[in-house]
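K.L.:
Before I ask anything, here is the structure I am working with.
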Amino acid sequence: MRHEADAERRAAHVARGAEPQTGAARLVEIAVRTGEGVLAEGGALVVDTGTFTGRSPDDRFLVRDASSEARVDWGPVNQPMAPDSFDALRDDMLEEAARSRLYRQDLHVGADPAHQVPVRFLGERAWHALFVRHLFRRDGVAAGGGWTVLDLPSFRADPRRHGTRSDTAIALDLARRWVLVAHTGYAGEVKKAVFGALNDWLPSRGVLPMHCSANHDEAGRGALFFGLSGTGKTTLSADATRTLVGDDEHGWSDDGVFNFEGGCYAKTHGLSPTAEPEIHGASTRFGALLENVAIDPASRALDFGDATRTENGRAAYPLDFLAHASRSGRAGHPRTVVFLTADAFGVVPPVARLDVPQAMYHFLSGYTAKVAGTERGVTEPRSTFSACFGAPFMPLPPPRYADMLGDRLRRHGVRTWWVNTGWTGGPHGIGRRISLAHTRAIVAAVVSGALDGAPSRRDPVFGVSVPLHVEGVPDAILDPRGTWGPAAGGGEAYDAQAQRLAAMFRDHFARFAPVVGDDVRRAGPVT
């Protein structure tokens, strides 16, 4: 207790010496003056995150103590850190922070006042302060009694002293509400660490935390879009005909859905003013923050098609940069849930209806293709399974979240759909990506209810119900087997590929089979 009180005093001293709550214009000005970034044509701040252009999942740790021992799903995702190691890391970072120029942001996460959490951010880069100012919320509650984030990209952890794997560390103490981020310039680590903390805390309050985007129509009929990075959550939820609640992290309480965030963190590779006008407009105005986006040094023109640096270029901006964004960040219970997957095998139907056991099965599976640049070392799409469509950020055992989801789907009569935004006509390298126009037409049909009760067929591999027709979409692509022409090896090659993917589903789900109900266990691919 004495050590903890001392650490809190030192943190308060560091916070008093930090530059306090500062507006976006001032932070942009500092970032440009100190060489952290440059202004692009149109006014966006462009920064380079250095070596780290994506998350470092191998360097993420949770403190393992008496309060977290039995609760956390320990393993390669939730790696344990001893309390003494965390204390040593925090002590050394606070000592370094006391000698550094820091920027302070007192914010909060959670649009629902009943579930808001204050966050104090202390960081050594002005653009990181701008990032959290965009991504967290500025309205609502005062700081105090919440989480403290200490973000020092220049500080190198010592594996021998701090119990880390390298000189990079993202360490959370769930009991004492601390986040430490060391030796990474990728600001997304801060966002995901804080939301990972909410994913631990909210279920105890009867709230399902979700890695999803959300929107609703004029009548308040809402939709949730689950999916890993690169599957289309941000793009497909940013629909000018609907109100955007948020693009990445939400909670589902007894009162409805609420956004955790105050902004958006959109992928920019290939960003087009024609295909994605709302996101493009928000990403190119003054105050927007662009990470690792190509810029002409003379004209300061942006090139979103240049992925030489990384395919994980990002734009961070506040929700009020979007004309159709919700000001409250809240909505009622959703009418529709969409699971997005970017299938690299080219065998998943573009759209399929799921019953509740199937929805729980696919929620626990979280299948997609990991998109190049999202994590270090990923240079091309590869198939992956991520429980709850967000395993790296879920401290509790995945069936806990799946049970909560199933309960809400049943209780509120929610329709669930599986939408493939990946490949058709063959696997990655042979086939082609399903067009965004066709995916938008599918999503429009799904959220409007146009496919409710529509004629369908049962997919022979996955056992899901596939509509026979979707307005604006060629009927031929709704049956993926028929799209495999001679170049892809035809139907027999499709069958082999589909069985290969089905086996991967079964192998991944084996860890959950002993702890889920028979209906969920039987809801996977047909054997």
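In the structure tokens, chains take the letters A, B, ... in the order shown, each chain's residues start at 1, and ligands count up from 1 in the order shown.
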Extract, using only C-alpha atoms, all DNA, RNA and protein residues at most 10 Å from Ala487 in chain A, discarding same-chain residues fewer than 2 positions from it, and format them as a ChimeraX atom specification.

P.N.:
/A:425-426,430-431,484-485,489-490

K.L.:
Write out the residues from the selection above, keeping N, CA, C and O atoms, as an mmCIF file, in the first residue's frame.

P.N.:
data_model
loop_
_atom_site.group_PDB
_atom_site.id
_atom_site.type_symbol
_atom_site.label_atom_id
_atom_site.label_comp_id
_atom_site.auth_asym_id
_atom_site.auth_seq_id
_atom_site.Cartn_x
_atom_site.Cartn_y
_atom_site.Cartn_z
ATOM 1 N N GLY A 425 -14.568 -16.200 -56.703
ATOM 2 C CA GLY A 425 -13.950 -16.678 -57.939
ATOM 3 C C GLY A 425 -12.629 -17.375 -57.742
ATOM 4 O O GLY A 425 -11.913 -17.648 -58.705
ATOM 5 N N GLY A 426 -12.302 -17.699 -56.500
ATOM 6 C CA GLY A 426 -11.031 -18.340 -56.186
ATOM 7 C C GLY A 426 -10.424 -17.734 -54.948
ATOM 8 O O GLY A 426 -10.904 -16.719 -54.424
ATOM 9 N N ILE A 430 -5.802 -15.590 -56.803
ATOM 10 C CA ILE A 430 -6.445 -16.075 -58.033
ATOM 11 C C ILE A 430 -7.785 -15.379 -58.244
ATOM 12 O O ILE A 430 -8.074 -14.864 -59.328
ATOM 13 N N GLY A 431 -8.604 -15.388 -57.213
ATOM 14 C CA GLY A 431 -9.902 -14.725 -57.300
ATOM 15 C C GLY A 431 -9.779 -13.219 -57.148
ATOM 16 O O GLY A 431 -8.684 -12.649 -57.176
ATOM 17 N N TRP A 484 -16.017 -20.296 -59.302
ATOM 18 C CA TRP A 484 -14.669 -20.825 -59.506
ATOM 19 C C TRP A 484 -14.551 -21.377 -60.931
ATOM 20 O O TRP A 484 -14.996 -22.488 -61.221
ATOM 21 N N GLY A 485 -13.957 -20.583 -61.799
ATOM 22 C CA GLY A 485 -13.771 -21.006 -63.173
ATOM 23 C C GLY A 485 -12.524 -21.857 -63.347
ATOM 24 O O GLY A 485 -11.867 -22.257 -62.376
ATOM 25 N N GLY A 489 -9.531 -23.716 -60.865
ATOM 26 C CA GLY A 489 -9.630 -25.168 -60.704
ATOM 27 C C GLY A 489 -11.038 -25.696 -60.714
ATOM 28 O O GLY A 489 -11.242 -26.909 -60.545
ATOM 29 N N GLY A 490 -12.040 -24.823 -60.859
ATOM 30 C CA GLY A 490 -13.420 -25.265 -60.954
ATOM 31 C C GLY A 490 -14.018 -25.748 -59.646
ATOM 32 O O GLY A 490 -13.456 -25.558 -58.561
#

K.L.:
Would you kindly return, as a list in words, each protein, DNA or RNA residue with an atom no farther than 8 Å from any atom of Val207 in chain A, considering only C-alpha atoms and excluding same-chain residues fewer than 6 positions away?

P.N.:
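The residues satisfying every condition are Gly251, Trp252, Ser253 and Asp254 of chain A.
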
K.L.:
Take CA of Phe385 in chain A and CA of Leu135 in chain A and report the distance between them in Å, one decimal.

P.N.:
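Result for CA of Phe385 in chain A versus CA of Leu135 in chain A: 26.6 Å, one decimal.
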
K.L.:
Pick out the closest residue to Arg285 in chain A from this set: A:Ala316, A:Gly220, A:Glu249, A:Leu271. Count only C-alpha atoms.

P.N.:
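Checking each candidate against Arg285 in chain A, we get A:Ala316 as the closest.
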
K.L.:
Quick check for you: according to DSSP on this backbone, which residues of range 88-222 of chain A are classed as strand (DSSP E)? Reply as a ChimeraX atom specification.

P.N.:
/A:103-109,117-123,147-152,169-173,178-182,208-216,222

K.L.:
Using only C-alpha atoms, find each residue in range 227-249 of chain A having at least one atom no more than 12 Å away from range 388-391 of chain A; report its shortest atom-to-atom pair and that distance in Å (one decimal), rows by chain then rising number, as JSON lines.

P.N.:
{"residue": "A:Gly227", "atom": "CA", "partner": "A:Phe389", "partner_atom": "CA", "distance": 5.4}
{"residue": "A:Leu228", "atom": "CA", "partner": "A:Phe389", "partner_atom": "CA", "distance": 5.7}
{"residue": "A:Ser229", "atom": "CA", "partner": "A:Gly390", "partner_atom": "CA", "distance": 9.2}
{"residue": "A:Gly230", "atom": "CA", "partner": "A:Phe389", "partner_atom": "CA", "distance": 11.8}
{"residue": "A:Thr231", "atom": "CA", "partner": "A:Phe389", "partner_atom": "CA", "distance": 10.5}
{"residue": "A:Lys233", "atom": "CA", "partner": "A:Phe389", "partner_atom": "CA", "distance": 11.3}
{"residue": "A:Asp248", "atom": "CA", "partner": "A:Gly390", "partner_atom": "CA", "distance": 10.5}
{"residue": "A:Glu249", "atom": "CA", "partner": "A:Gly390", "partner_atom": "CA", "distance": 10.2}

K.L.:
Could you produce a table of the residues of range 113-224 of chain A lying within 12 Å of range 414-418 of chain A, with the nearest pair of atoms per residue and their separation in Å rounded to one decimal, using only C-alpha atoms, ordered by chain and increasing residue number, as JSON lines?

P.N.:
{"residue": "A:Arg221", "atom": "CA", "partner": "A:Val414", "partner_atom": "CA", "distance": 10.8}
{"residue": "A:Gly222", "atom": "CA", "partner": "A:Val414", "partner_atom": "CA", "distance": 10.0}
{"residue": "A:Ala223", "atom": "CA", "partner": "A:Val414", "partner_atom": "CA", "distance": 9.4}
{"residue": "A:Leu224", "atom": "CA", "partner": "A:Thr416", "partner_atom": "CA", "distance": 9.4}

K.L.:
Skipping near chain neighbours, those fewer than 4 positions away, what residues fall within 12 Å of Leu405 in chain A using only C-alpha atoms, listed as a PyMOL selection string?

P.N.:
chain A and resi 203+206-210+224+226+251-253+334+337+356-364+388+398-401+409-414+416

K.L.:
Convert the current residue selection to file output with N, CA, C and O atoms, as a short mmCIF file (atom, residue, chain, number, x, y, z; two decimals), in the first residue's frame.

P.N.:
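Output contents, as saved in part-v8.cif:
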data_model
loop_
_atom_site.label_atom_id
_atom_site.label_comp_id
_atom_site.auth_asym_id
_atom_site.auth_seq_id
_atom_site.Cartn_x
_atom_site.Cartn_y
_atom_site.Cartn_z
N PRO A 203 -18.66 -6.50 -18.29
CA PRO A 203 -19.52 -7.67 -18.05
C PRO A 203 -19.98 -7.81 -16.60
O PRO A 203 -21.09 -8.31 -16.36
N GLY A 206 -23.21 -6.20 -16.23
CA GLY A 206 -24.28 -6.65 -17.10
C GLY A 206 -24.26 -6.01 -18.47
O GLY A 206 -25.28 -5.99 -19.17
N VAL A 207 -23.09 -5.50 -18.90
CA VAL A 207 -22.95 -4.86 -20.20
C VAL A 207 -22.04 -5.72 -21.08
O VAL A 207 -20.95 -6.12 -20.66
N LEU A 208 -22.49 -6.01 -22.30
CA LEU A 208 -21.67 -6.75 -23.25
C LEU A 208 -20.77 -5.77 -24.01
O LEU A 208 -21.26 -4.92 -24.75
N PRO A 209 -19.44 -5.86 -23.83
CA PRO A 209 -18.53 -5.02 -24.63
C PRO A 209 -18.31 -5.66 -25.99
O PRO A 209 -18.17 -6.88 -26.10
N MET A 210 -18.27 -4.84 -27.04
CA MET A 210 -18.24 -5.38 -28.40
C MET A 210 -17.24 -4.63 -29.27
O MET A 210 -17.21 -3.39 -29.26
N LEU A 224 -25.47 -3.52 -35.86
CA LEU A 224 -24.10 -3.67 -35.35
C LEU A 224 -23.29 -4.42 -36.39
O LEU A 224 -23.77 -5.38 -36.99
N PHE A 226 -19.79 -6.40 -36.65
CA PHE A 226 -18.61 -7.00 -36.02
C PHE A 226 -17.59 -7.35 -37.09
O PHE A 226 -17.95 -7.77 -38.20
N GLY A 251 -20.78 -0.81 -26.15
CA GLY A 251 -21.35 -1.64 -25.11
C GLY A 251 -22.84 -1.82 -25.36
O GLY A 251 -23.50 -0.93 -25.91
N TRP A 252 -23.36 -2.98 -24.94
CA TRP A 252 -24.79 -3.29 -25.10
C TRP A 252 -25.35 -3.57 -23.71
O TRP A 252 -25.11 -4.62 -23.13
N SER A 253 -26.07 -2.60 -23.17
CA SER A 253 -26.64 -2.70 -21.83
C SER A 253 -28.12 -3.00 -21.91
O SER A 253 -28.69 -3.15 -23.00
N PRO A 334 -30.36 -3.05 -31.03
CA PRO A 334 -30.26 -3.20 -32.48
C PRO A 334 -31.31 -4.15 -33.03
O PRO A 334 -31.78 -5.06 -32.34
N VAL A 337 -27.67 -7.66 -36.56
CA VAL A 337 -26.25 -7.85 -36.28
C VAL A 337 -25.60 -8.44 -37.52
O VAL A 337 -26.14 -9.38 -38.12
N VAL A 356 -29.58 -18.26 -33.86
CA VAL A 356 -28.84 -17.85 -32.67
C VAL A 356 -27.68 -18.79 -32.35
O VAL A 356 -26.56 -18.33 -32.09
N PRO A 357 -27.86 -20.13 -32.36
CA PRO A 357 -26.70 -20.99 -32.12
C PRO A 357 -25.59 -20.78 -33.16
O PRO A 357 -24.40 -20.77 -32.80
N GLN A 358 -25.96 -20.60 -34.43
CA GLN A 358 -24.95 -20.32 -35.45
C GLN A 358 -24.25 -18.97 -35.18
O GLN A 358 -23.03 -18.85 -35.37
N ALA A 359 -25.01 -17.99 -34.73
CA ALA A 359 -24.42 -16.70 -34.42
C ALA A 359 -23.40 -16.83 -33.29
O ALA A 359 -22.30 -16.26 -33.35
N MET A 360 -23.74 -17.61 -32.26
CA MET A 360 -22.80 -17.80 -31.16
C MET A 360 -21.56 -18.56 -31.63
O MET A 360 -20.43 -18.25 -31.22
N TYR A 361 -21.77 -19.55 -32.50
CA TYR A 361 -20.64 -20.33 -33.04
C TYR A 361 -19.69 -19.41 -33.82
O TYR A 361 -18.46 -19.44 -33.60
N HIS A 362 -20.25 -18.61 -34.70
CA HIS A 362 -19.39 -17.76 -35.53
C HIS A 362 -18.82 -16.58 -34.74
O HIS A 362 -17.74 -16.08 -35.08
N PHE A 363 -19.50 -16.16 -33.70
CA PHE A 363 -18.95 -15.15 -32.81
C PHE A 363 -17.72 -15.70 -32.10
O PHE A 363 -16.69 -15.03 -31.99
N LEU A 364 -17.81 -16.93 -31.62
CA LEU A 364 -16.66 -17.55 -30.97
C LEU A 364 -15.55 -17.87 -31.96
O LEU A 364 -14.36 -17.90 -31.59
N CYS A 388 -14.73 -13.69 -30.69
CA CYS A 388 -15.49 -12.47 -30.43
C CYS A 388 -15.12 -11.35 -31.39
O CYS A 388 -15.41 -10.18 -31.13
N PRO A 398 -13.75 -16.29 -23.83
CA PRO A 398 -14.70 -15.93 -24.89
C PRO A 398 -16.13 -16.43 -24.68
O PRO A 398 -17.08 -15.71 -25.02
N PRO A 399 -16.36 -17.66 -24.14
CA PRO A 399 -17.75 -18.08 -23.96
C PRO A 399 -18.56 -17.15 -23.05
O PRO A 399 -19.79 -17.08 -23.17
N ARG A 400 -17.88 -16.42 -22.16
CA ARG A 400 -18.60 -15.46 -21.32
C ARG A 400 -19.26 -14.39 -22.19
O ARG A 400 -20.44 -14.04 -21.99
N TYR A 401 -18.53 -13.86 -23.15
CA TYR A 401 -19.08 -12.85 -24.05
C TYR A 401 -20.13 -13.46 -24.99
O TYR A 401 -21.15 -12.83 -25.28
N LEU A 409 -29.53 -11.55 -28.31
CA LEU A 409 -30.15 -11.85 -29.61
C LEU A 409 -31.53 -12.45 -29.42
O LEU A 409 -32.49 -12.10 -30.12
N ARG A 410 -31.64 -13.38 -28.47
CA ARG A 410 -32.94 -14.02 -28.21
C ARG A 410 -33.92 -13.04 -27.59
O ARG A 410 -35.09 -12.96 -28.01
N ARG A 411 -33.46 -12.31 -26.61
CA ARG A 411 -34.36 -11.43 -25.85
C ARG A 411 -34.96 -10.34 -26.73
O ARG A 411 -36.12 -9.95 -26.55
N HIS A 412 -34.18 -9.83 -27.68
CA HIS A 412 -34.64 -8.70 -28.48
C HIS A 412 -34.99 -9.08 -29.92
O HIS A 412 -35.28 -8.20 -30.73
N GLY A 413 -35.00 -10.37 -30.23
CA GLY A 413 -35.39 -10.82 -31.56
C GLY A 413 -34.51 -10.28 -32.67
O GLY A 413 -35.01 -9.91 -33.75
N VAL A 414 -33.22 -10.25 -32.43
CA VAL A 414 -32.28 -9.65 -33.39
C VAL A 414 -31.95 -10.63 -34.50
O VAL A 414 -31.70 -11.82 -34.26
N THR A 416 -29.39 -12.00 -37.35
CA THR A 416 -27.94 -12.03 -37.50
C THR A 416 -27.55 -12.53 -38.89
O THR A 416 -28.11 -13.52 -39.37
#

K.L.:
Using the chain letters and numbers from this document, which residues of range 67-250 of chain A does DSSP assign to alpha helix (DSSP H), as a PyMOL selection string?

P.N.:
chain A and resi 83-97+126-135+159-162+188-201+233-237

K.L.:
I'd like to know which of A:Ala82, A:Val190, A:Ala402, A:Ala352 is closest to Gly517 in chain A, using only C-alpha atoms.

P.N.:
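Among the listed residues, A:Ala402 lies closest to Gly517 in chain A.
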
K.L.:
Check which residues of range 177-269 of chain A sit at most 7 Å from range 319-322 of chain A using only C-alpha atoms, and return one row each with the closest pair of atoms and their distance in Å to one decimal, ordered by chain and rising number, as JSON lines.

P.N.:
{"residue": "A:Gly262", "atom": "CA", "partner": "A:Leu319", "partner_atom": "CA", "distance": 5.9}
{"residue": "A:Gly263", "atom": "CA", "partner": "A:Leu319", "partner_atom": "CA", "distance": 4.5}
{"residue": "A:Cys264", "atom": "CA", "partner": "A:Leu319", "partner_atom": "CA", "distance": 6.3}
